[in-house]
Amino acid sequence: MPDTVTLEVQRYRPEEETGPAWQRYEVPFRPEWMVLDALNYIKDHLDGTLSYRWACRMGVCGSCGMLVNGEPVLTCATYLEELPHGSIRVEPLRGFPVIRDLIFDLTDFLNKLKRVSPWLVRKKEQPVADGEYRQTPDQLAEYKQYSMCINCMLCYSACPIYELEPEFIGPAAIALAQRYNHDSRDEGVQARMDVLSQHDGIWACTFVGECSAVCPTNVDPAAAIQRYKLSATLDWVKSTVLPWGKR
Ligand code: SF4
């Protein structure tokens, strides 16, 4: 095992510099360290100006996603030991504007997410006195997988369509729409369908599948999108071919 490892980290301060540059740091190699531990070592001991996001250190907050050797990963879940020996390249996730160093701007995603109403939509709330909206374990299982999304943005960074067509609403927003569509308490399916059946919604996806390959919580956004396409097709057939299905 080596005593040290070199991290090549992309640095960029858009308001002061014309473009990104690489900076090399030598950090101790510890088999139990993740890439995030190495970044924290740099921050604490070598260069306090390096900027990046992290919070929970246990794969839950979704804030430490970066490109490591070109792959979108959670840096808190990527062992140094698992990476090829030699230098390790760390960059901000692809496809987002950089705010500073490894920190990117999430505004585009947050605006897109709002469009799919990622909350329980009710036409009429039942009185509080009537108690909770109860669900069976089977009803919970219908959407639980999609509820595991931690908004880490790895899927956007891996998606070639998002890179080519920035208007594409993207994998996580669609998976989160499904999270509410399949919740027995929700009544917002049609409103979300109206948004996602547009060109920048589900139909922009060509089913490359990289979003699901990189997802750290097995949400499987690619499958969520294909399931949505099936629902949209049935919706269209009902509303155009079957006279009683017209809205
Ligand atoms: S779907 Fe997976 S990869 Fe995409 S933001 Fe959610 S957790 Fe991250």
# chains A, B, ... in the order shown; residues from 1 in each chain; ligands from 1
$ select_by_dssp --residues "range 15-124 of chain A" --states "strand (DSSP E or B)" --output "list in words"
Ala21, Trp22, Gln23, Arg24, Tyr25, Glu26, Val27, Pro28, Met34, Gly65, Met66, Leu67, Val68, Glu71, Pro72, Val73, Leu74, Tyr79, Ile88, Arg89, Val90, Glu91, Val98, Ile99, Arg100, Ile103 and Phe104 of chain A
$ residues_near_ligand --ligand "ligand 1" --cutoff "12 Å" --atoms "only C-alpha atoms and all ligand atoms" --output "MDAnalysis selection string"
chainID A and resid 59:66 72:74 93 106 109:110 113 145:159 170:179 209:225
$ residues_around --residues "range 16-30 of chain A" --least-positions-apart "2" --cutoff "6 Å" --atoms "only C-alpha atoms" --output "list of chain:residue names"
A:Asp3, A:Thr4, A:Val5, A:Thr6, A:Leu7, A:Glu8, A:Val9, A:Gln10, A:Arg11, A:Tyr12, A:Arg13, A:Pro14, A:Glu32, A:Trp33
$ closest_residue --among "A:Ser231, A:Thr107, A:Thr206, A:Asn69" --to "Val90 in chain A" --atoms "only C-alpha atoms"
A:Asn69
$ closest_residue --among "A:Ser184, A:Asp194, A:Cys205, A:Tyr162" --to "Gln135 in chain A" --atoms "only C-alpha atoms"
A:Ser184
$ closest_residue --among "A:Asp105, A:Glu187, A:Glu163, A:Asp200" --to "Val121 in chain A" --atoms "only C-alpha atoms"
A:Glu187
$ select_by_dssp --residues "range 105-222 of chain A" --states "alpha helix (DSSP H)" --output "PyMOL selection string"
chain A and resi 107-115+137-144+154-158+160-164+171-181+189-196+210-214+221-222
